[in-house]
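Below is one structure, written out as structure tokens; the observations come after it.
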Amino acid sequence: MNRRRPTLLAALTLTAAAALTLSACGSDDDGAAKDSDKIAGADTGSETSAAPSPSETDTAGRPKITFPSDAKNVFEYEKTGNATKDAALADSTLSVNSVDEAIFEGSTDTKALGFYNAESALSDSITYVSGYINKNHTWVGETRYFDYKVALSGELEAYVTYCSDESKSFIKDKKTGKVKDTPTTADSYVLYHAKLAKNAEGVWQTTDIASTRGSKECQP
């Protein structure tokens with residue numbers, strides 16, 4: 001695929017993927033699911049989204065995440081009513097945004113990337129972002145994230161599954177400015193399984209993530 005995430009974290013096919021799937025499938029059926037240059041983490045265009053507001057993400061030393069005006073992530077989910085689950089969900093969206101910000105900045109040394117990601121998720125995200133940098137690529141358009149589910153394992157571990165719709169986001173060559181207008185196919189939809197751990201500062205960092213492109217669970 002030539003759209004904005006050609007292999008979409010394909011490198012993160014973890015040995016723990018089966019465990020992630022099992023834990024996620026056992027989660028509650030809670031309904032879960034950046035605007036331009038003022039994204040302080042995960043801003044969205046959905047009224048039902050529980051993504052944090054700028055004031056929330058500016059607290060506790062959290063880095064502010066910024067996007068260019070021609071790119072946007074939309075996270076669609078509702079709060080579960082469980083404070084721990086909602087915090088894990090919110091930080092999982094910031095992990096996604098931190099990876100994209102690194103792509104836009106053309107740097108793997110951004111504050112947010114290491115703030116919201118750790119362990120293998122961080123190292124693999126650095127490799128992933130480096131692929132964009134080496135090709136002088138970025139992306140434009142809108143990517144939608146939806147169908148969120150979350151499960152807790154104790155007080156410090158969470159599993160989050162969700163889908164993405166990349167049919168409206170595309171690869172852009174930074175040098176030429178040319179955008180690859182690729183058609184929408186089954187591969188435009190991706191299923192994610194993410195493992196998060198709460199650190200000493202209270203941040204839910206993504207530590208492992210696996211994805212399945214073309215998943216039937218995410219296709220319309």
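Labels used: A, B, ... for chains in the order of the structure tokens, numbers from 1 for residues in each chain, and numbers from 1 for ligands as shown.
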Inset, instruction - Assign secondary structure with DSSP using the backbone only, and return the residues of segment 123-157 of chain A in alpha helix (DSSP H) as a ChimeraX atom specification. - result: /A:123-135
Non-local contacts of Val129 of chain A (8 Å; only C-alpha atoms; under 4 positions in same chain excluded) as a compact mmCIF listing (two decimals) with N, CA and C atoms, in the first residue's frame:
# COMPACT_ATOMS: atom_id res chain seq x y z
N VAL A 99 3.63 9.39 17.51
CA VAL A 99 4.33 8.77 16.38
C VAL A 99 4.16 9.63 15.12
N ALA A 102 6.24 12.81 15.21
CA ALA A 102 7.64 12.55 14.88
C ALA A 102 7.84 12.49 13.36
N ILE A 103 6.85 11.92 12.66
CA ILE A 103 6.91 11.87 11.20
C ILE A 103 6.88 13.29 10.64
N GLY A 106 10.04 15.09 11.29
CA GLY A 106 11.21 14.49 10.66
C GLY A 106 12.29 14.18 11.67
N SER A 107 11.86 13.76 12.89
CA SER A 107 12.81 13.49 13.96
C SER A 107 12.27 12.41 14.89
N THR A 108 13.15 11.52 15.33
CA THR A 108 12.77 10.50 16.30
C THR A 108 13.12 10.94 17.72
N SER A 125 8.70 2.04 17.07
CA SER A 125 8.16 3.29 16.55
C SER A 125 9.29 4.16 15.97
N ILE A 133 11.39 9.20 7.40
CA ILE A 133 12.45 10.20 7.30
C ILE A 133 13.41 9.87 6.17
Within 9 Å of Thr207 of chain A, counting only C-alpha atoms, which residues show up once you throw out same-chain ones fewer than 3 positions away? Write them as a JSON list (two decimals) with N, CA, C and O atoms, in the first residue's frame, please.
[["chain", "number", "residue", "atom", "x", "y", "z"],
["A", 116, "TYR", "N", 5.10, 8.90, 25.61],
["A", 116, "TYR", "CA", 3.91, 8.05, 25.51],
["A", 116, "TYR", "C", 4.19, 6.64, 25.03],
["A", 116, "TYR", "O", 3.27, 5.82, 24.93],
["A", 117, "ASN", "N", 5.46, 6.33, 24.74],
["A", 117, "ASN", "CA", 5.83, 4.99, 24.28],
["A", 117, "ASN", "C", 7.05, 4.51, 25.04],
["A", 117, "ASN", "O", 7.93, 5.30, 25.39],
["A", 118, "ALA", "N", 7.13, 3.20, 25.28],
["A", 118, "ALA", "CA", 8.26, 2.63, 26.00],
["A", 118, "ALA", "C", 8.52, 1.21, 25.50],
["A", 118, "ALA", "O", 7.74, 0.66, 24.71],
["A", 119, "GLU", "N", 9.64, 0.68, 25.93],
["A", 119, "GLU", "CA", 10.02, -0.71, 25.62],
["A", 119, "GLU", "C", 9.98, -0.96, 24.10],
["A", 119, "GLU", "O", 10.43, -0.13, 23.33],
["A", 120, "SER", "N", 9.46, -2.09, 23.68],
["A", 120, "SER", "CA", 9.51, -2.43, 22.26],
["A", 120, "SER", "C", 8.66, -1.50, 21.41],
["A", 120, "SER", "O", 8.99, -1.25, 20.24],
["A", 121, "ALA", "N", 7.60, -0.95, 21.97],
["A", 121, "ALA", "CA", 6.77, -0.02, 21.20],
["A", 121, "ALA", "C", 7.57, 1.22, 20.84],
["A", 121, "ALA", "O", 7.41, 1.77, 19.74],
["A", 122, "LEU", "N", 8.43, 1.68, 21.73],
["A", 122, "LEU", "CA", 9.24, 2.86, 21.45],
["A", 122, "LEU", "C", 10.31, 2.56, 20.41],
["A", 122, "LEU", "O", 10.46, 3.30, 19.43],
["A", 194, "ALA", "N", -2.98, -3.13, 21.47],
["A", 194, "ALA", "CA", -1.92, -2.41, 22.18],
["A", 194, "ALA", "C", -1.90, -2.80, 23.65],
["A", 194, "ALA", "O", -2.93, -2.98, 24.28],
["A", 195, "LYS", "N", -0.70, -2.90, 24.18],
["A", 195, "LYS", "CA", -0.50, -3.14, 25.60],
["A", 195, "LYS", "C", 0.05, -1.86, 26.21],
["A", 195, "LYS", "O", 1.00, -1.27, 25.67],
["A", 196, "LEU", "N", -0.51, -1.43, 27.33],
["A", 196, "LEU", "CA", -0.07, -0.21, 28.00],
["A", 196, "LEU", "C", 0.31, -0.50, 29.45],
["A", 196, "LEU", "O", -0.28, -1.39, 30.08],
["A", 197, "ALA", "N", 1.27, 0.26, 29.94],
["A", 197, "ALA", "CA", 1.68, 0.14, 31.34],
["A", 197, "ALA", "C", 1.71, 1.54, 31.95],
["A", 197, "ALA", "O", 2.17, 2.49, 31.33]]
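Of note, atom CA of Gly81 of chain A and atom CA of Tyr145 of chain A are spaced 19.9 Å apart.
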Legend entry - Selected residue, from A:Cys163, A:Lys178, A:Pro63, A:Thr184, that lies nearest to Arg213 of chain A when counting only C-alpha atoms: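 Checking each of A:Cys163, A:Lys178, A:Pro63, A:Thr184 against Arg213 of chain A, counting only C-alpha atoms, the winner is A:Cys163.
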Legend entry - Nearest to Lys72 of chain A by atom-to-atom distance, counting only C-alpha atoms, from A:Tyr128, A:Trp204, A:Phe170, A:Phe115: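 Of the candidates, the smallest distance to Lys72 of chain A is held by A:Phe170.
Omitting Lys216 of chain A and its sequence neighbours fewer than 3 positions away, and counting only C-alpha atoms, the residues within 10 Å are Ala186, Asp187, Tyr189, Val190, Leu191, Thr212, Arg213, Gln219 and Pro220 of chain A.
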